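Shown next: coords_14.txt, given as compact mmCIF, C-alpha atoms.
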# COMPACT_ATOMS: atom_id res chain seq x y z
CA MET A 46 0.00 0.00 0.00
CA LEU A 47 2.71 2.49 1.02
CA ARG A 48 4.85 1.68 -2.02
CA LYS A 49 1.94 2.29 -4.41
CA GLN A 50 0.93 5.54 -2.74
CA LEU A 51 4.40 6.98 -2.18
CA ALA A 52 5.18 8.19 -5.71
CA PRO A 53 1.89 10.06 -6.42
CA THR A 54 1.92 11.50 -2.90
CA LEU A 55 5.46 12.81 -3.32
CA ARG A 56 4.64 14.32 -6.72
CA LEU A 57 1.94 16.36 -5.05
CA ALA A 58 3.57 16.86 -1.65
CA VAL A 59 7.05 18.04 -2.66
CA PRO A 60 5.92 21.21 -4.49
CA VAL A 61 3.40 21.95 -1.71
CA ILE A 62 6.10 21.45 0.94
CA LEU A 63 8.45 23.77 -0.93
CA ALA A 64 5.64 26.32 -1.14
CA GLU A 65 5.06 26.06 2.62
CA LEU A 66 8.78 26.47 3.22
CA GLY A 67 8.71 29.47 0.92
CA TRP A 68 5.88 30.96 2.97
CA MET A 69 7.81 30.35 6.17
CA GLY A 70 10.96 31.63 4.53
CA MET A 71 9.54 35.13 4.24
CA GLY A 72 9.32 35.49 8.01
CA LEU A 73 12.72 33.84 8.38
CA VAL A 74 14.32 36.28 5.95
CA ASP A 75 12.85 39.21 7.87
CA THR A 76 14.22 37.86 11.15
CA LEU A 77 17.68 37.14 9.75
CA MET A 78 18.01 40.50 8.01
CA VAL A 79 17.01 42.57 11.06
CA ALA A 80 19.18 40.43 13.39
CA PRO A 81 22.23 42.75 13.11
CA LEU A 82 20.06 45.50 14.58
CA GLY A 83 19.98 43.60 17.90
CA PRO A 84 17.72 41.35 20.04
CA ALA A 85 15.00 44.02 20.28
CA ALA A 86 14.70 44.10 16.48
CA ILE A 87 14.43 40.30 16.35
CA ALA A 88 11.80 40.39 19.09
CA ALA A 89 9.77 43.13 17.36
CA THR A 90 9.75 41.29 14.04
CA ALA A 91 8.85 38.01 15.69
CA VAL A 92 6.06 39.39 17.83
CA GLY A 93 4.69 41.51 14.99
CA ASN A 94 4.48 38.54 12.63
CA SER A 95 2.92 36.38 15.33
CA LEU A 96 0.29 38.95 16.31
CA HIS A 97 -0.69 39.61 12.70
CA LEU A 98 -0.83 35.97 11.70
CA GLY A 99 -2.67 35.08 14.89
CA VAL A 100 -5.64 37.16 13.66
CA ALA A 101 -5.27 36.98 9.87
CA ILE A 102 -5.04 33.20 9.97
CA PHE A 103 -8.75 33.08 10.79
CA GLY A 104 -9.64 34.78 7.51
CA MET A 105 -7.25 32.52 5.63
CA GLY A 106 -8.63 29.50 7.48
CA LEU A 107 -12.17 30.26 6.31
CA LEU A 108 -10.94 29.34 2.84
CA LEU A 109 -9.59 25.92 3.85
CA GLY A 110 -12.97 24.45 2.95
CA LEU A 111 -11.87 24.92 -0.66
CA ASP A 112 -9.47 22.00 -0.12
CA THR A 113 -12.43 19.71 0.40
CA LEU A 114 -14.87 21.21 -2.10
CA VAL A 115 -12.53 21.86 -5.02
CA ALA A 116 -10.62 18.59 -4.55
CA GLN A 117 -13.81 16.52 -4.47
CA ALA A 118 -15.23 18.34 -7.52
CA TYR A 119 -11.93 17.80 -9.33
CA GLY A 120 -11.93 14.11 -8.37
CA ALA A 121 -15.42 13.86 -9.86
CA GLY A 122 -14.16 15.48 -13.10
CA ASN A 123 -16.30 18.64 -12.78
CA ARG A 124 -14.00 21.58 -13.59
CA ALA A 125 -16.89 24.04 -13.94
CA LEU A 126 -17.87 23.31 -10.33
CA CYS A 127 -14.24 23.83 -9.28
CA ARG A 128 -14.36 27.29 -10.86
CA ARG A 129 -17.63 28.07 -9.12
CA TRP A 130 -16.08 27.24 -5.75
CA LEU A 131 -13.19 29.59 -6.55
CA THR A 132 -15.66 32.41 -7.20
CA THR A 133 -17.34 31.69 -3.87
CA GLY A 134 -13.96 31.65 -2.13
CA LEU A 135 -12.90 34.98 -3.58
CA ARG A 136 -16.17 36.59 -2.50
CA LEU A 137 -15.65 35.26 1.00
CA ALA A 138 -12.07 36.59 1.03
CA VAL A 139 -13.29 40.09 0.13
CA ALA A 140 -16.12 40.00 2.66
CA THR A 141 -13.72 38.95 5.43
CA THR A 142 -11.17 41.71 4.84
CA LEU A 143 -12.79 44.69 6.59
CA PRO A 144 -13.72 42.98 9.90
CA MET A 145 -10.30 41.36 10.17
CA MET A 146 -8.53 44.68 9.54
CA LEU A 147 -10.66 46.37 12.20
CA VAL A 148 -9.60 43.71 14.72
CA LEU A 149 -5.95 44.11 13.73
CA GLY A 150 -6.26 47.90 13.99
CA GLY A 151 -7.57 47.49 17.53
CA ILE A 152 -4.57 45.35 18.44
CA TRP A 153 -2.21 47.98 17.01
CA TRP A 154 -3.94 50.67 19.06
CA LEU A 155 -3.60 48.57 22.23
CA THR A 156 0.05 47.63 21.65
CA PRO A 157 1.52 50.26 24.02
CA SER A 158 -0.58 48.90 26.89
CA LEU A 159 0.11 45.18 26.35
CA GLY A 160 3.23 45.07 28.53
CA PHE A 161 5.95 44.53 25.92
CA HIS A 162 9.55 45.27 26.85
CA PRO A 163 10.38 49.00 26.46
CA GLU A 164 13.08 48.27 23.88
CA THR A 165 10.73 46.13 21.80
CA GLN A 166 7.44 48.06 21.90
CA PRO A 167 8.15 51.04 19.56
CA LEU A 168 9.76 48.82 16.93
CA LEU A 169 6.87 46.40 17.18
CA GLN A 170 4.20 49.03 16.66
CA GLY A 171 5.81 50.39 13.50
CA TYR A 172 6.35 46.91 12.01
CA PHE A 173 2.86 45.67 12.87
CA SER A 174 1.05 48.69 11.37
CA ILE A 175 2.41 47.91 7.90
CA LEU A 176 1.63 44.21 8.14
CA VAL A 177 -2.01 45.16 8.74
CA LEU A 178 -2.07 46.80 5.30
CA SER A 179 -1.06 43.51 3.65
CA THR A 180 -4.13 41.66 5.00
CA PRO A 181 -6.34 41.96 1.85
CA ALA A 182 -3.57 40.49 -0.29
CA LEU A 183 -3.20 37.57 2.14
CA PHE A 184 -6.87 36.60 1.88
CA VAL A 185 -7.01 36.74 -1.92
CA TYR A 186 -3.75 34.80 -2.08
CA ALA A 187 -5.22 32.12 0.20
CA ALA A 188 -8.27 31.59 -2.05
CA LEU A 189 -6.18 31.40 -5.23
CA ARG A 190 -3.68 29.03 -3.67
CA ARG A 191 -6.27 26.59 -2.29
CA TYR A 192 -7.90 26.44 -5.73
CA LEU A 193 -4.67 25.89 -7.66
CA GLN A 194 -3.40 23.21 -5.28
CA SER A 195 -6.66 21.29 -5.36
CA THR A 196 -6.72 21.29 -9.16
CA GLY A 197 -3.17 19.99 -9.40
CA HIS A 198 -1.26 23.22 -10.16
CA VAL A 199 1.11 22.78 -7.25
CA THR A 200 4.29 23.63 -9.19
CA ALA A 201 2.95 27.09 -10.02
CA VAL A 202 2.21 27.72 -6.34
CA MET A 203 5.69 26.54 -5.38
CA LEU A 204 7.44 28.76 -7.94
CA THR A 205 5.38 31.75 -6.84
CA LEU A 206 6.45 31.34 -3.22
CA VAL A 207 10.10 30.77 -4.14
CA THR A 208 10.28 33.89 -6.30
CA ALA A 209 8.32 35.88 -3.71
CA ASN A 210 11.16 35.19 -1.30
CA LEU A 211 13.58 36.70 -3.78
CA VAL A 212 11.37 39.79 -3.99
CA ASN A 213 11.22 39.94 -0.19
CA PHE A 214 14.99 39.53 0.15
CA ALA A 215 15.74 42.26 -2.38
CA ALA A 216 13.25 44.66 -0.79
CA ASN A 217 14.64 43.91 2.69
CA TRP A 218 18.18 44.59 1.47
CA ALA A 219 17.13 47.92 -0.02
CA LEU A 220 14.85 49.14 2.76
CA ILE A 221 16.39 47.98 6.05
CA ASN A 222 19.79 49.59 5.58
CA GLY A 223 19.00 52.08 2.78
CA HIS A 224 20.55 50.67 -0.40
CA LEU A 225 19.82 51.77 -3.99
CA GLY A 226 18.95 55.25 -2.81
CA MET A 227 16.13 54.02 -0.57
CA PRO A 228 15.72 55.34 3.01
CA ALA A 229 17.16 53.21 5.83
CA LEU A 230 13.91 52.18 7.56
CA GLY A 231 15.26 49.43 9.83
CA VAL A 232 12.56 47.09 11.17
CA THR A 233 9.86 49.07 9.35
CA GLY A 234 11.66 48.43 6.07
CA ALA A 235 11.30 44.69 6.63
CA ALA A 236 7.54 45.15 6.95
CA TRP A 237 7.34 47.07 3.66
CA ALA A 238 9.34 44.28 2.00
CA THR A 239 6.81 41.72 3.19
CA PHE A 240 3.96 43.92 1.94
CA THR A 241 5.55 44.10 -1.51
CA ALA A 242 6.14 40.34 -1.70
CA ARG A 243 2.51 39.58 -0.81
CA LEU A 244 1.19 41.83 -3.59
CA TYR A 245 3.54 40.01 -5.96
CA MET A 246 2.13 36.61 -4.93
CA VAL A 247 -1.45 37.67 -5.62
CA ALA A 248 -0.55 39.00 -9.06
CA VAL A 249 1.29 35.84 -10.11
CA LEU A 250 -1.35 33.41 -8.81
CA ALA A 251 -4.18 35.39 -10.42
CA PHE A 252 -2.36 35.23 -13.76
CA THR A 253 -1.83 31.48 -13.29
CA VAL A 254 -5.56 30.91 -12.67
CA TRP A 255 -6.47 32.95 -15.74
CA LYS A 256 -4.01 31.07 -17.91
CA SER A 257 -4.90 27.57 -16.67
CA ASP A 258 -8.70 28.06 -16.78
CA ARG A 259 -9.15 29.60 -20.21
CA GLY A 260 -10.99 26.48 -21.40
CA VAL A 261 -13.19 26.15 -18.32
CA PRO A 262 -16.75 27.58 -18.41
CA ALA A 263 -16.91 30.87 -16.55
CA ALA A 264 -18.46 30.80 -13.08
CA ILE A 265 -21.88 32.39 -12.63
CA ALA A 266 -21.88 36.12 -11.99
CA THR A 267 -23.37 35.87 -8.51
CA THR A 268 -22.86 33.32 -5.77
CA PRO A 269 -26.13 31.90 -4.37
CA PRO A 270 -26.40 31.55 -0.59
CA ALA A 271 -26.19 27.74 -0.64
CA PRO A 272 -22.56 27.47 -1.88
CA MET A 273 -21.45 30.19 0.54
CA ARG A 274 -23.13 28.38 3.44
CA ARG A 275 -21.48 25.12 2.36
CA LEU A 276 -18.05 26.75 2.23
CA LEU A 277 -18.59 28.38 5.61
CA SER A 278 -19.81 25.11 7.15
CA LEU A 279 -16.37 23.66 6.40
CA GLY A 280 -14.37 26.86 6.66
CA LEU A 281 -15.54 28.10 10.05
CA PRO A 282 -14.39 24.99 11.96
CA ALA A 283 -11.17 24.88 9.91
CA ALA A 284 -10.56 28.57 10.61
CA SER A 285 -11.18 28.00 14.31
CA THR A 286 -8.72 25.12 14.25
CA VAL A 287 -5.85 26.98 12.62
CA THR A 288 -6.58 30.07 14.70
CA ALA A 289 -6.44 27.99 17.87
CA GLU A 290 -3.14 26.43 16.82
CA VAL A 291 -1.44 29.52 15.41
CA GLY A 292 -3.03 31.60 18.14
CA ILE A 293 -1.40 29.53 20.86
CA PHE A 294 2.01 30.12 19.28
CA SER A 295 1.19 33.82 18.97
CA LEU A 296 0.12 33.90 22.61
CA LEU A 297 3.33 32.23 23.74
CA THR A 298 5.36 34.66 21.64
CA ALA A 299 3.46 37.58 23.14
CA LEU A 300 4.12 36.19 26.63
CA ALA A 301 7.78 35.70 25.74
CA GLY A 302 7.79 39.35 24.65
CA GLN A 303 7.27 40.26 28.31
CA LEU A 304 10.53 38.51 29.20
CA PRO A 305 13.95 40.13 28.67
CA PRO A 306 14.96 40.48 24.97
CA ILE A 307 17.42 37.58 25.21
CA ALA A 308 14.61 35.22 26.24
CA THR A 309 12.32 36.57 23.52
CA ALA A 310 15.04 36.16 20.89
CA ALA A 311 15.81 32.60 22.04
CA HIS A 312 12.11 31.72 21.95
CA GLN A 313 11.74 33.12 18.43
CA ILE A 314 14.81 31.32 17.07
CA ALA A 315 13.66 27.98 18.47
CA LEU A 316 10.13 28.67 17.23
CA ASN A 317 11.39 29.55 13.74
CA LEU A 318 13.36 26.31 13.50
CA SER A 319 10.41 24.26 14.76
CA ALA A 320 8.03 26.06 12.44
CA MET A 321 10.33 25.45 9.47
CA VAL A 322 10.07 21.73 10.10
CA PHE A 323 6.31 21.99 10.63
CA MET A 324 5.98 23.54 7.17
CA VAL A 325 6.97 20.13 5.79
CA HIS A 326 4.24 18.48 7.84
CA LEU A 327 1.81 21.19 6.75
CA GLY A 328 2.70 20.47 3.13
CA LEU A 329 2.05 16.78 3.76
CA ALA A 330 -1.27 17.72 5.37
CA SER A 331 -2.31 19.70 2.30
CA ALA A 332 -1.24 16.86 0.04
CA GLY A 333 -3.19 14.43 2.21
CA ALA A 334 -6.31 16.62 2.10
CA ILE A 335 -6.11 16.84 -1.70
CA ARG A 336 -5.35 13.14 -2.26
CA VAL A 337 -8.10 12.04 0.13
CA GLY A 338 -10.50 14.59 -1.38
CA HIS A 339 -9.83 13.38 -4.93
CA ALA A 340 -10.49 9.79 -3.83
CA VAL A 341 -13.71 10.76 -2.05
CA GLY A 342 -14.86 12.66 -5.14
CA ALA A 343 -14.27 9.49 -7.16
CA ARG A 344 -16.10 7.49 -4.42
CA ASP A 345 -13.04 5.30 -3.79
CA TYR A 346 -12.86 5.16 0.02
CA ALA A 347 -10.20 2.44 0.09
CA GLU A 348 -7.96 4.77 -1.89
CA ALA A 349 -8.79 7.59 0.53
CA ARG A 350 -7.72 5.43 3.47
CA HIS A 351 -4.44 4.44 1.81
CA ALA A 352 -3.66 8.03 0.81
CA GLY A 353 -4.22 9.27 4.36
CA TRP A 354 -2.12 6.62 6.04
CA THR A 355 0.70 7.27 3.60
CA VAL A 356 1.11 10.90 4.66
CA ILE A 357 0.81 9.92 8.32
CA VAL A 358 3.67 7.41 8.01
CA MET A 359 5.75 9.96 6.10
CA SER A 360 5.15 12.55 8.82
CA VAL A 361 6.16 10.27 11.69
CA SER A 362 9.33 9.20 9.84
CA LEU A 363 10.32 12.81 9.27
CA SER A 364 9.69 13.67 12.94
CA LEU A 365 12.11 11.01 14.15
CA VAL A 366 14.88 12.50 12.00
CA THR A 367 14.27 16.16 12.86
CA GLY A 368 13.88 15.42 16.56
CA ALA A 369 17.29 13.75 16.58
CA ILE A 370 18.86 16.75 14.82
CA PHE A 371 17.40 19.18 17.35
CA LEU A 372 18.85 17.11 20.17
CA LEU A 373 22.29 16.45 18.69
CA VAL A 374 23.35 19.71 16.99
CA PRO A 375 21.27 22.61 18.36
CA GLU A 376 24.17 25.08 18.44
CA ALA A 377 24.86 24.65 14.73
CA LEU A 378 21.24 25.48 13.91
CA ILE A 379 21.10 28.49 16.24
CA ALA A 380 24.38 29.87 14.84
CA VAL A 381 22.51 30.71 11.63
CA TYR A 382 20.71 33.41 13.64
CA THR A 383 23.16 34.50 16.32
CA THR A 384 26.26 33.55 18.30
CA GLU A 385 25.34 35.56 21.41
CA ALA A 386 26.07 33.16 24.29
CA GLY A 387 22.95 33.80 26.35
CA VAL A 388 20.62 33.38 23.40
CA VAL A 389 22.40 30.21 22.21
CA GLN A 390 22.21 28.60 25.65
CA LEU A 391 18.50 29.25 26.15
CA ALA A 392 17.52 28.44 22.57
CA SER A 393 19.31 25.08 22.91
CA GLN A 394 17.14 24.23 25.92
CA LEU A 395 14.01 25.10 23.96
CA LEU A 396 15.09 22.97 20.99
CA ALA A 397 15.51 20.00 23.34
CA ILE A 398 11.83 20.36 24.28
CA ALA A 399 10.93 20.85 20.60
CA ALA A 400 12.65 17.56 19.80
CA LEU A 401 10.20 15.80 22.11
CA PHE A 402 7.09 17.19 20.47
CA GLN A 403 8.14 16.69 16.82
CA ILE A 404 6.08 13.52 16.38
CA PHE A 405 2.98 14.97 18.02
CA ASP A 406 3.23 18.29 16.17
CA GLY A 407 3.50 16.57 12.80
CA LEU A 408 0.86 13.99 13.63
CA GLN A 409 -1.82 16.48 14.60
CA GLY A 410 -1.03 18.50 11.48
CA VAL A 411 -1.36 15.69 8.93
CA THR A 412 -4.41 14.09 10.55
CA THR A 413 -6.14 17.47 10.45
CA GLY A 414 -5.44 17.48 6.70
CA THR A 415 -6.64 13.93 6.04
CA LEU A 416 -9.84 14.55 8.00
CA ARG A 417 -10.38 17.74 5.98
CA GLY A 418 -10.16 15.67 2.81
CA LEU A 419 -13.03 13.56 4.17
CA GLY A 420 -15.03 16.72 4.87
CA ASP A 421 -14.53 16.67 8.66
CA THR A 422 -13.24 20.00 9.96
CA ARG A 423 -15.10 20.02 13.28
CA THR A 424 -13.13 17.33 15.12
CA ALA A 425 -9.85 19.22 14.79
CA MET A 426 -11.55 22.42 15.95
CA VAL A 427 -12.88 20.88 19.16
CA SER A 428 -9.69 19.01 20.01
CA ASN A 429 -7.39 21.96 19.33
CA LEU A 430 -9.47 24.47 21.27
CA THR A 431 -9.63 22.11 24.22
CA ALA A 432 -6.04 20.85 24.22
CA PHE A 433 -4.29 24.12 23.44
CA TRP A 434 -6.41 26.77 25.12
CA LEU A 435 -8.16 25.05 28.03
CA ILE A 436 -5.20 22.89 29.03
CA GLY A 437 -1.92 23.88 27.33
CA ALA A 438 -2.12 27.67 27.65
CA PRO A 439 -2.83 27.77 31.43
CA VAL A 440 -0.04 25.24 32.04
CA SER A 441 2.37 27.33 29.93
CA TYR A 442 1.54 30.53 31.81
CA GLY A 443 1.76 28.84 35.20
CA LEU A 444 5.11 27.21 34.51
CA CYS A 445 6.62 30.36 32.95
CA PHE A 446 5.50 33.07 35.35
CA LEU A 447 4.18 31.41 38.51
CA ALA A 448 6.68 28.55 38.79
CA GLY A 449 9.48 30.77 37.48
CA TRP A 450 10.61 28.45 34.68
CA GLY A 451 10.75 31.27 32.13
CA ALA A 452 10.63 30.49 28.40
CA PRO A 453 11.03 26.68 28.85
CA GLY A 454 7.82 26.68 30.89
CA LEU A 455 5.94 28.09 27.90
CA TRP A 456 7.17 25.20 25.76
CA TRP A 457 6.30 22.44 28.24
CA GLY A 458 2.68 23.58 28.23
CA LEU A 459 2.72 23.59 24.43
CA LEU A 460 4.03 20.03 24.41
CA LEU A 461 1.14 18.90 26.59
CA GLY A 462 -1.42 20.41 24.19
CA LEU A 463 0.22 18.78 21.16
CA VAL A 464 0.24 15.34 22.76
CA LEU A 465 -3.44 15.50 23.67
CA THR A 466 -4.75 16.78 20.33
CA SER A 467 -2.65 14.37 18.22
CA ILE A 468 -3.99 11.37 20.14
CA VAL A 469 -7.60 12.46 19.64
CA LEU A 470 -7.22 13.24 15.93
CA LEU A 471 -5.45 9.98 15.13
CA TRP A 472 -8.17 8.00 16.88
CA VAL A 473 -10.97 9.82 15.00
CA TRP A 474 -9.19 9.39 11.64
CA THR A 475 -8.72 5.66 12.22
CA ARG A 476 -12.36 5.14 13.17
CA THR A 477 -13.87 7.37 10.47
CA VAL A 478 -11.87 6.09 7.51
CA ARG A 479 -12.54 2.49 8.55
CA GLN A 480 -16.29 3.14 8.67
CA ARG A 481 -16.25 4.86 5.27
CA SER A 482 -14.31 1.99 3.70
CA LEU A 483 -16.80 -0.54 5.08
CA GLY A 484 -19.76 1.58 3.95
CA LEU A 485 -21.03 2.05 7.52
Show the structure stored in the file as structure tokens.
Amino acid sequence: MLRKQLAPTLRLAVPVILAELGWMGMGLVDTLMVAPLGPAAIAATAVGNSLHLGVAIFGMGLLLGLDTLVAQAYGAGNRALCRRWLTTGLRLAVATTLPMMLVLGGIWWLTPSLGFHPETQPLLQGYFSILVLSTPALFVYAALRRYLQSTGHVTAVMLTLVTANLVNFAANWALINGHLGMPALGVTGAAWATFTARLYMVAVLAFTVWKSDRGVPAAIATTPPAPMRRLLSLGLPAASTVTAEVGIFSLLTALAGQLPPIATAAHQIALNLSAMVFMVHLGLASAGAIRVGHAVGARDYAEARHAGWTVIVMSVSLSLVTGAIFLLVPEALIAVYTTEAGVVQLASQLLAIAALFQIFDGLQGVTTGTLRGLGDTRTAMVSNLTAFWLIGAPVSYGLCFLAGWGAPGLWWGLLLGLVLTSIVLLWVWTRTVRQRSLGL
């Protein structure tokens, strides 16, 4: 089973994984290029990205239902229906923009009173304000990307993200330190670079959709309520899930921002490295959702089961390797960011904890994707909200601030949440896919 599924899964997963790494790479480039400005600059960039993504991810998550709907329509051979779902997704992206920007504007306004370190707060507020302006582009990008991935155009998505990183790098180089006659904007320049790269991604993906769909019947001019309700019925739980997961990381980063800059920088470096690995699992999750969705659309539930288990096995195998690397050579990884002794020492401790949760982090990610391919987005929502926010977050806060463990306490609470949610999701996947295969 695994041998048969491996090749088609890799053909889909590798470009998606590279696209996810490209997405993560934009934040990494910002962090690396402001690093010479000092720990406060690293902290401001990290916290700003986390706060923005912690809210914007909900709007992007609303569009995750396109994975299920477009993939199943594509598996059934109905390209016109795929196009109709894209139209519905774009309308939802536009409708979501204003309320999300109002929420983000409120966070920006409250930033001075949120207790950030005095060295970090002014840099953070300037960086965050520009990220808010990039929110509309993020939502349109999310709709276009879900559609292209689900219809098999994964290479185009990958190339867009790779080249967007080049745009981001060039803009960072020009704007942070003032090259090519541009003003030296420091941390704010990194935010404008990200803004520019996100506009570029929307333009390229929109052109790709236009070019690839020239032979597909145009979608109807208006979107009836029924398709929008169907998309929201899948998207709302999916959005709640990703918001709960990303939100917990954003919360921990915000809490770390109340610690001295060295602790915040160490937390962000360890988080960046862990998140880079998770992008591979997230790519596998997207591939699993698409492969399972195609099989469900073709009404081949045995194929859906095999496709899902393949990405789960791949995820666990990867976790064993990355966990060992985090344990054995943490200093070499951290040296990419900084050689400051205090940061290296603390970040190494955090990577040791990250090594323990690699399997659980990957497992909950890919099972969320395979369940989404089946059309189940509610299970992940309930388990993530419970495990991360009702259990993990209080434990993290208590260990960090009440028990005095500092940044490592934040990570032990996170580990607990990951263990609990991965166990629940794996059990539900196993039961559900078995029932579908047996026709129960």
List the spatial neighbours of stretch 331-333 of chain A as a ChimeraX atom specification - criterion: any atom at most 7 Å away, all atoms listed in the file, same-chain residues fewer than 5 positions off excluded. /A:54,57-58,352-353,356,414-415
Report as an NGL selection string all protein, DNA and RNA residues lying within 12 Å of A:Gly120, evaluated on only C-alpha atoms, omitting residues in the same chain fewer than 6 positions from it. :A and (112-114 or 126-127 or 195-197 or 335-345 or 349 or 418)
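Closest to A:Ala425 among A:Ala301, A:Arg481, A:Leu378, A:Ala289 is A:Ala289, based on only C-alpha atoms.
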Would you compute the distance between atom CA of A:Glu376 and atom CA of A:Val389? Give it in Å to one decimal.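 Distance reported for this atom pair: 6.6 Å.
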Could you put an axis-aligned box around every listed atom of stretch 126-130 of chain A, padded by 4 Å on each side, and send me its centre and edge lengths in Å to one decimal, as AutoDock Vina command-line options?
--center_x -16.1 --center_y 25.7 --center_z -8.3 --size_x 11.6 --size_y 12.8 --size_z 13.1
What is the atom CA of A:Ala334 to atom CA of A:Trp474 distance in Å?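 Atom CA of A:Trp474 lies 12.3 Å from atom CA of A:Ala334.
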Residue with smallest distance to A:Leu408 - pool A:Ser95, A:Asn429, A:Ser393, A:Ser364, counting only C-alpha atoms: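 Of A:Ser95, A:Asn429, A:Ser393, A:Ser364, the one nearest A:Leu408 is A:Ser364, counting only C-alpha atoms.
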Name the closest residue to A:Leu435 among the candidates A:Leu447, A:Ala91, A:Ile293, A:Leu372; distances are taken between atoms, counting only C-alpha atoms.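 Under the stated criterion, the closest residue is A:Ile293.
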Spatial neighbours of A:Ile370, max dist 12 Å, only C-alpha atoms, sep filter under 4 positions, as a PDB file with C-alpha atoms, in the frame of the given file:
ATOM      1  CA  LEU A 318      13.360  26.310  13.500  1.00  0.00           C
ATOM      2  CA  SER A 319      10.410  24.260  14.760  1.00  0.00           C
ATOM      3  CA  VAL A 322      10.070  21.730  10.100  1.00  0.00           C
ATOM      4  CA  LEU A 363      10.320  12.810   9.270  1.00  0.00           C
ATOM      5  CA  SER A 364       9.690  13.670  12.940  1.00  0.00           C
ATOM      6  CA  LEU A 365      12.110  11.010  14.150  1.00  0.00           C
ATOM      7  CA  VAL A 366      14.880  12.500  12.000  1.00  0.00           C
ATOM      8  CA  VAL A 374      23.350  19.710  16.990  1.00  0.00           C
ATOM      9  CA  PRO A 375      21.270  22.610  18.360  1.00  0.00           C
ATOM     10  CA  GLU A 376      24.170  25.080  18.440  1.00  0.00           C
ATOM     11  CA  ALA A 377      24.860  24.650  14.730  1.00  0.00           C
ATOM     12  CA  LEU A 378      21.240  25.480  13.910  1.00  0.00           C
ATOM     13  CA  SER A 393      19.310  25.080  22.910  1.00  0.00           C
ATOM     14  CA  LEU A 396      15.090  22.970  20.990  1.00  0.00           C
ATOM     15  CA  ALA A 397      15.510  20.000  23.340  1.00  0.00           C
ATOM     16  CA  ALA A 399      10.930  20.850  20.600  1.00  0.00           C
ATOM     17  CA  ALA A 400      12.650  17.560  19.800  1.00  0.00           C
ATOM     18  CA  LEU A 401      10.200  15.800  22.110  1.00  0.00           C
ATOM     19  CA  GLN A 403       8.140  16.690  16.820  1.00  0.00           C
TER      20      GLN A 403
END
Please, what distance in Å, to one decimal, runs between atom CA of A:Ala283 and atom CA of A:Val361? 22.7 Å
For the interface of stretch 226-329 of chain A with stretch 452-473 of chain A (cut-off 10 Å, counting all atoms listed in the file), please tabulate each contacting residue of stretch 226-329 of chain A alongside its nearest pair of atoms and their separation in Å to one decimal, rows sorted by chain and increasing number, as a tab-separated table.
residue	atom	partner	partner_atom	distance
A:Glu290	CA	A:Leu463	CA	9.4
A:Ile293	CA	A:Leu459	CA	8.1
A:Phe294	CA	A:Leu459	CA	8.3
A:Leu296	CA	A:Leu455	CA	9.8
A:Leu297	CA	A:Leu455	CA	6.4
A:Thr298	CA	A:Leu455	CA	9.1
A:Leu300	CA	A:Leu455	CA	8.4
A:Ala301	CA	A:Ala452	CA	6.5
A:Leu304	CA	A:Ala452	CA	8.1
A:Ala308	CA	A:Ala452	CA	6.5
A:Thr309	CA	A:Ala452	CA	8.0
A:Ala311	CA	A:Ala452	CA	8.5
A:His312	CA	A:Ala452	CA	6.7
A:Leu316	CA	A:Trp456	CA	9.7
Contacts of A:Met78 at 8 Å (only C-alpha atoms; same-chain gap of 2+ positions) as JSON, numbers by chain: {"A": [74, 75, 76, 80, 81, 217, 218, 221]}
Which residue, A:Val440, A:Leu225, A:Leu169, A:Leu281, has the smallest gap to A:Ala88 when you use all atoms listed in the file? A:Leu169
Residue neighbourhood A:Val139, 8 Å, all atoms listed in the file, exclusion window fewer than 3 positions, as a list in words: Leu135, Arg136, Thr142, Leu143, Pro181, Phe184 and Val185 of chain A
Can I get the selected residues back with C-alpha atoms, as a PDB file, keeping the file's coordinate frame?
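As written to disk, result30.pdb reads:
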ATOM      1  CA  LEU A 135     -12.900  34.980  -3.580  1.00  0.00           C
ATOM      2  CA  ARG A 136     -16.170  36.590  -2.500  1.00  0.00           C
ATOM      3  CA  THR A 142     -11.170  41.710   4.840  1.00  0.00           C
ATOM      4  CA  LEU A 143     -12.790  44.690   6.590  1.00  0.00           C
ATOM      5  CA  PRO A 181      -6.340  41.960   1.850  1.00  0.00           C
ATOM      6  CA  PHE A 184      -6.870  36.600   1.880  1.00  0.00           C
ATOM      7  CA  VAL A 185      -7.010  36.740  -1.920  1.00  0.00           C
TER       8      VAL A 185
END
Go through A:Phe161, A:Trp237, A:Tyr245, A:Trp154 and flag the residue nearest A:Tyr186, using only C-alpha atoms for the distances.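 Ranking A:Phe161, A:Trp237, A:Tyr245, A:Trp154 by distance to A:Tyr186, first place goes to A:Tyr245.
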From the list A:Leu329, A:Val202, A:Ala347, A:Leu430, which residue is nearest A:Phe252 when using all atoms listed in the file? A:Val202
